[in-house]
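I have placed the structure first, in the form of structure tokens, so that the comments after it can refer back to it.
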Amino acid sequence: MNNIKLTSDLLIFAEVAQQLSFTSAAKQLNLSKAAVSLSISRLEKELGMQLMIRSTRKISLTPFGAKLAVSCSALNSQVNETLQDIHKEQTKPTGPLSITAPYSLETSVLLPSLKQFAEEYPDITPQLNITDAPLDLIDDNIDIALFSGTLPDSDYRALRLPPLKEQLFATPEFIEKLSIDNRLTKLGGMPWAKAPWQKETIELFQRDSRLAITPKRTSECNSLSSAIHLALHDLSFVFAPKIAVTQYLLTGKLKAIAPEYSGKEWPLYFLHGYKREKPAHISRLYDLINLHMRRSTAV
């Protein structure tokens with residue numbers, strides 16, 4: 001028994017049983033009268049039971065047909081309700097939306113983006129997982145991932161965002177006290193708060209020139225957030241994406257050291273799992289994140 005074809009025939013039968021007319025049912029279903037008649041005949045053959053008594057002037061239901069019509073009416077209502085829910089979800093999505101992002105994007109990019117997003121989609125509940133460790137959309141049950149670096153081999157869709165570049169930052173007091181300012185060679189003897197992914201040597205680039213600094217004193221941090229806070233307390237300098245310290249640059253709590261130098265460029269992506277056209281709210285979130293990325297990097 002082919003349940004897919006049978007379900008279609010049952011829904012057609014529900015309409016014929018309600019209208020008690022092949023012509024009216026065909027018009028309501030936007031089908032030809034012949035297609036409706038063929039569907040009912042196919043259903044009767046499949047079930048091995050007569051459902052209707054036909055005459056030239058009218059249709060009546062057999063006892064079994066009347067009983068089946070009640071069940072088919074309920075089935076039709078369920079299908080219509082499901083389609084309405086789908087339409088509602090498309091136009092006004094609801095429910096949780098899980099997002100993962102690195103610490104560097106939390107304050108300047110993700111939170112202001114979500115503030116606007118929540119005003120436009122109040123029935124969506126963001127669930128945030130802020131971590132510098134890469135998470136997988138399927139394995140970790142994530143809807144959206146802001147991913148920096150080389151893309152994993154997967155079928156996920158990746159939308160490009162402005163890339164990240166690390167720079168050197170410290171408090172004005174730290175810079176003045178140690179007289180380092182733009183003299184990068186001095187940094188080798190200065191305390192450095194190192195993020196988890198960073199190596200022992202800092203590579204800096206300015207156009208075609210390259211400079212390598214290997215600080216003798218480092219503090220190992222399990223997150224970029226911790227490294228930044230060590231710098232904010234005058235305990236070290238930090239090597240971080242500018243976007244991660246935008247708020248501290250604006251308030252003067254941190255200052256760039258030799259701003260003409262920066263680390264290598266890290267690509268940044270907005271990952272999602274929709275293989276065809278993505279929903280409107282996903283596109284809107286991407287647009288907002290892209291907007292705040294560009295605003296923050298312009299500071």
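Labels used: A, B, ... for chains in the order of the structure tokens, numbers from 1 for residues in each chain, and numbers from 1 for ligands as shown.
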Margin query: DSSP on the backbone, helix (DSSP H, G or I) only: what residues of region 24-261 of chain A does that give? Format it as number ranges by chain.
Written below: A: 24-29, 33-47, 63-91, 103-120, 172-178, 184-189, 224-232, 242-244, 246-251
Item checked: Arg157 (chain A) environment, 6 Å, only C-alpha atoms, sequence neighbours closer than 4 positions dropped, as a ChimeraX atom specification -> /A:271-273
Saved selection, atoms kept: all heavy atoms, as a compact mmCIF listing (two decimals), in the first residue's frame:
```txt
# COMPACT_ATOMS: atom_id res chain seq x y z
N LEU A 271 28.32 30.63 9.39
CA LEU A 271 27.96 29.28 8.97
C LEU A 271 26.51 28.95 9.34
O LEU A 271 26.06 29.24 10.44
CB LEU A 271 28.87 28.25 9.64
CG LEU A 271 30.36 28.26 9.31
CD1 LEU A 271 31.05 27.10 10.00
CD2 LEU A 271 30.59 28.21 7.82
N HIS A 272 25.81 28.33 8.40
CA HIS A 272 24.46 27.82 8.66
C HIS A 272 24.26 26.53 7.88
O HIS A 272 25.05 26.19 7.00
CB HIS A 272 23.39 28.86 8.29
CG HIS A 272 23.31 29.14 6.82
ND1 HIS A 272 22.55 28.39 5.95
CD2 HIS A 272 23.90 30.10 6.05
CE1 HIS A 272 22.67 28.87 4.71
NE2 HIS A 272 23.48 29.91 4.76
N GLY A 273 23.23 25.78 8.21
CA GLY A 273 23.03 24.47 7.62
C GLY A 273 21.96 24.40 6.55
O GLY A 273 21.64 23.29 6.07
```
Note to self: Using DSSP assignments from the backbone, pull out every residue in region 31-112 of chain A that falls under strand (DSSP E or B) and give it to me as number ranges by chain.
What the structure shows: A: 52-54, 59-61, 95-101
Write the selection just made, keeping C-alpha atoms, as a PDB file, in the first residue's frame?
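Below is the file selection-v8.pdb, written as the result:
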```
ATOM      1  CA  MET A  52     -20.019   6.284  -2.672  1.00  0.00           C
ATOM      2  CA  ILE A  53     -23.214   5.553  -4.489  1.00  0.00           C
ATOM      3  CA  ARG A  54     -23.255   7.565  -7.707  1.00  0.00           C
ATOM      4  CA  ILE A  59     -23.828  11.301  -4.731  1.00  0.00           C
ATOM      5  CA  SER A  60     -24.434   9.585  -1.409  1.00  0.00           C
ATOM      6  CA  LEU A  61     -22.006   7.900   0.946  1.00  0.00           C
ATOM      7  CA  GLY A  95      11.450  29.343  19.137  1.00  0.00           C
ATOM      8  CA  PRO A  96      15.128  29.060  20.091  1.00  0.00           C
ATOM      9  CA  LEU A  97      18.025  30.017  17.820  1.00  0.00           C
ATOM     10  CA  SER A  98      21.390  28.689  19.014  1.00  0.00           C
ATOM     11  CA  ILE A  99      24.440  30.761  18.084  1.00  0.00           C
ATOM     12  CA  THR A 100      28.114  30.260  18.782  1.00  0.00           C
ATOM     13  CA  ALA A 101      30.753  32.951  18.384  1.00  0.00           C
TER      14      ALA A 101
END
```
Checklist line | Residue contacts of region 162-173 of chain A (6 Å, only C-alpha atoms) excluding same-chain residues fewer than 3 positions away, as a ChimeraX atom specification | finding: /A:176-177,231,237-241,253-257,262-263,265-268
Output file for the selection above: N, CA and C atoms, as an mmCIF file, in the first residue's frame:
```
data_model
loop_
_atom_site.group_PDB
_atom_site.id
_atom_site.type_symbol
_atom_site.label_atom_id
_atom_site.label_comp_id
_atom_site.auth_asym_id
_atom_site.auth_seq_id
_atom_site.Cartn_x
_atom_site.Cartn_y
_atom_site.Cartn_z
ATOM 1 N N GLU A 176 53.214 54.001 28.736
ATOM 2 C CA GLU A 176 54.040 55.107 29.229
ATOM 3 C C GLU A 176 55.060 54.615 30.248
ATOM 4 N N LYS A 177 54.635 53.748 31.148
ATOM 5 C CA LYS A 177 55.521 53.265 32.202
ATOM 6 C C LYS A 177 56.709 52.488 31.633
ATOM 7 N N ALA A 231 45.368 42.753 30.363
ATOM 8 C CA ALA A 231 45.905 43.991 29.794
ATOM 9 C C ALA A 231 45.221 45.216 30.396
ATOM 10 N N PHE A 237 50.622 43.316 27.865
ATOM 11 C CA PHE A 237 50.020 43.765 26.616
ATOM 12 C C PHE A 237 49.265 42.577 26.022
ATOM 13 N N VAL A 238 48.431 42.837 25.032
ATOM 14 C CA VAL A 238 47.617 41.779 24.444
ATOM 15 C C VAL A 238 47.663 41.890 22.922
ATOM 16 N N PHE A 239 47.600 40.747 22.268
ATOM 17 C CA PHE A 239 47.600 40.662 20.800
ATOM 18 C C PHE A 239 46.219 40.163 20.399
ATOM 19 N N ALA A 240 45.368 41.062 19.929
ATOM 20 C CA ALA A 240 43.957 40.717 19.744
ATOM 21 C C ALA A 240 43.385 41.396 18.503
ATOM 22 N N PRO A 241 42.298 40.850 17.960
ATOM 23 C CA PRO A 241 41.612 41.558 16.881
ATOM 24 C C PRO A 241 41.087 42.904 17.389
ATOM 25 N N LYS A 253 40.697 53.255 27.439
ATOM 26 C CA LYS A 253 41.281 52.316 28.400
ATOM 27 C C LYS A 253 42.419 51.510 27.788
ATOM 28 N N LEU A 254 42.349 51.293 26.480
ATOM 29 C CA LEU A 254 43.428 50.622 25.765
ATOM 30 C C LEU A 254 43.888 51.498 24.606
ATOM 31 N N LYS A 255 45.105 51.269 24.192
ATOM 32 C CA LYS A 255 45.694 52.034 23.100
ATOM 33 C C LYS A 255 46.509 51.075 22.224
ATOM 34 N N ALA A 256 46.502 51.319 20.928
ATOM 35 C CA ALA A 256 47.257 50.467 20.017
ATOM 36 C C ALA A 256 48.752 50.760 20.125
ATOM 37 N N ILE A 257 49.550 49.705 20.074
ATOM 38 C CA ILE A 257 51.002 49.822 20.017
ATOM 39 C C ILE A 257 51.414 49.608 18.560
ATOM 40 N N SER A 262 50.289 44.693 12.004
ATOM 41 C CA SER A 262 49.200 43.783 12.391
ATOM 42 C C SER A 262 49.607 42.351 12.083
ATOM 43 N N GLY A 263 48.883 41.413 12.673
ATOM 44 C CA GLY A 263 49.123 40.004 12.390
ATOM 45 C C GLY A 263 48.515 39.618 11.054
ATOM 46 N N GLU A 265 45.941 37.990 8.328
ATOM 47 C CA GLU A 265 44.489 38.120 8.207
ATOM 48 C C GLU A 265 43.816 36.762 8.376
ATOM 49 N N TRP A 266 42.796 36.735 9.256
ATOM 50 C CA TRP A 266 42.022 35.514 9.480
ATOM 51 C C TRP A 266 40.646 35.661 8.827
ATOM 52 N N PRO A 267 40.278 34.758 7.908
ATOM 53 C CA PRO A 267 38.936 34.835 7.318
ATOM 54 C C PRO A 267 37.862 34.542 8.366
ATOM 55 N N LEU A 268 36.715 35.162 8.198
ATOM 56 C CA LEU A 268 35.606 34.983 9.132
ATOM 57 C C LEU A 268 34.355 34.623 8.342
#
```
Next item on the list: Tell me which protein, DNA and RNA residues are within 10 Å of Ala26 (chain A), counting only C-alpha atoms, leaving out same-chain ones fewer than 6 positions away, and put them as an MDAnalysis selection string.
Entry: chainID A and resid 12 15:16 19 32:37
Those same residues, written as a CSV table (one decimal), in the first residue's frame with N, CA, C and O atoms?
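Listed below is the output, part_15.csv:
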```
chain,number,residue,atom,x,y,z
A,12,ILE,N,-8.6,14.0,-1.1
A,12,ILE,CA,-9.6,14.3,-2.2
A,12,ILE,C,-11.0,13.8,-1.8
A,12,ILE,O,-12.0,14.4,-2.0
A,15,GLU,N,-12.9,16.0,0.5
A,15,GLU,CA,-13.5,17.2,-0.1
A,15,GLU,C,-14.8,16.8,-0.9
A,15,GLU,O,-15.8,17.4,-0.8
A,16,VAL,N,-14.7,15.6,-1.5
A,16,VAL,CA,-15.9,15.1,-2.3
A,16,VAL,C,-17.0,14.8,-1.3
A,16,VAL,O,-18.2,15.1,-1.5
A,19,GLN,N,-18.6,18.0,-0.2
A,19,GLN,CA,-19.4,18.7,-1.2
A,19,GLN,C,-20.5,17.9,-1.8
A,19,GLN,O,-21.5,18.4,-2.3
A,32,SER,N,-9.2,18.7,-12.2
A,32,SER,CA,-10.2,18.3,-13.2
A,32,SER,C,-11.2,17.3,-12.6
A,32,SER,O,-10.8,16.6,-11.7
A,33,LYS,N,-12.4,17.4,-13.1
A,33,LYS,CA,-13.4,16.4,-12.6
A,33,LYS,C,-13.0,15.0,-12.8
A,33,LYS,O,-13.2,14.1,-12.0
A,34,ALA,N,-12.3,14.7,-13.9
A,34,ALA,CA,-11.9,13.4,-14.3
A,34,ALA,C,-10.8,12.9,-13.3
A,34,ALA,O,-10.8,11.8,-12.9
A,35,ALA,N,-9.9,13.9,-12.9
A,35,ALA,CA,-8.8,13.5,-11.9
A,35,ALA,C,-9.4,13.2,-10.6
A,35,ALA,O,-9.0,12.2,-9.9
A,36,VAL,N,-10.5,13.9,-10.1
A,36,VAL,CA,-11.1,13.6,-8.9
A,36,VAL,C,-11.8,12.2,-8.9
A,36,VAL,O,-11.7,11.4,-8.0
A,37,SER,N,-12.5,12.0,-10.0
A,37,SER,CA,-13.2,10.7,-10.2
A,37,SER,C,-12.2,9.5,-10.2
A,37,SER,O,-12.5,8.5,-9.5
```
Note to self: So that I can check the surroundings of Arg284 (chain A), please list as an MDAnalysis selection string every protein, DNA and RNA residue that reaches within 10 Å of it, counting only C-alpha atoms and ignoring chain neighbours fewer than 3 positions away.
What the structure shows: chainID A and resid 113 116:117 120:121 279:281 287:290
Next item on the list: Please provide as a list in words all residues within 12 Å of Ala158 (chain A), with the sequence filter that same-chain residues fewer than 6 positions apart are discarded (counting only C-alpha atoms).
Entry: Leu137, Ile144, Ala145, Leu146, Phe147, Ser148, Gly149, Thr150, Leu151, Pro152, Pro267, Leu268, Tyr269, Phe270, Leu271, His272, Gly273, Tyr274, Lys275, Lys278 and Tyr286 of chain A
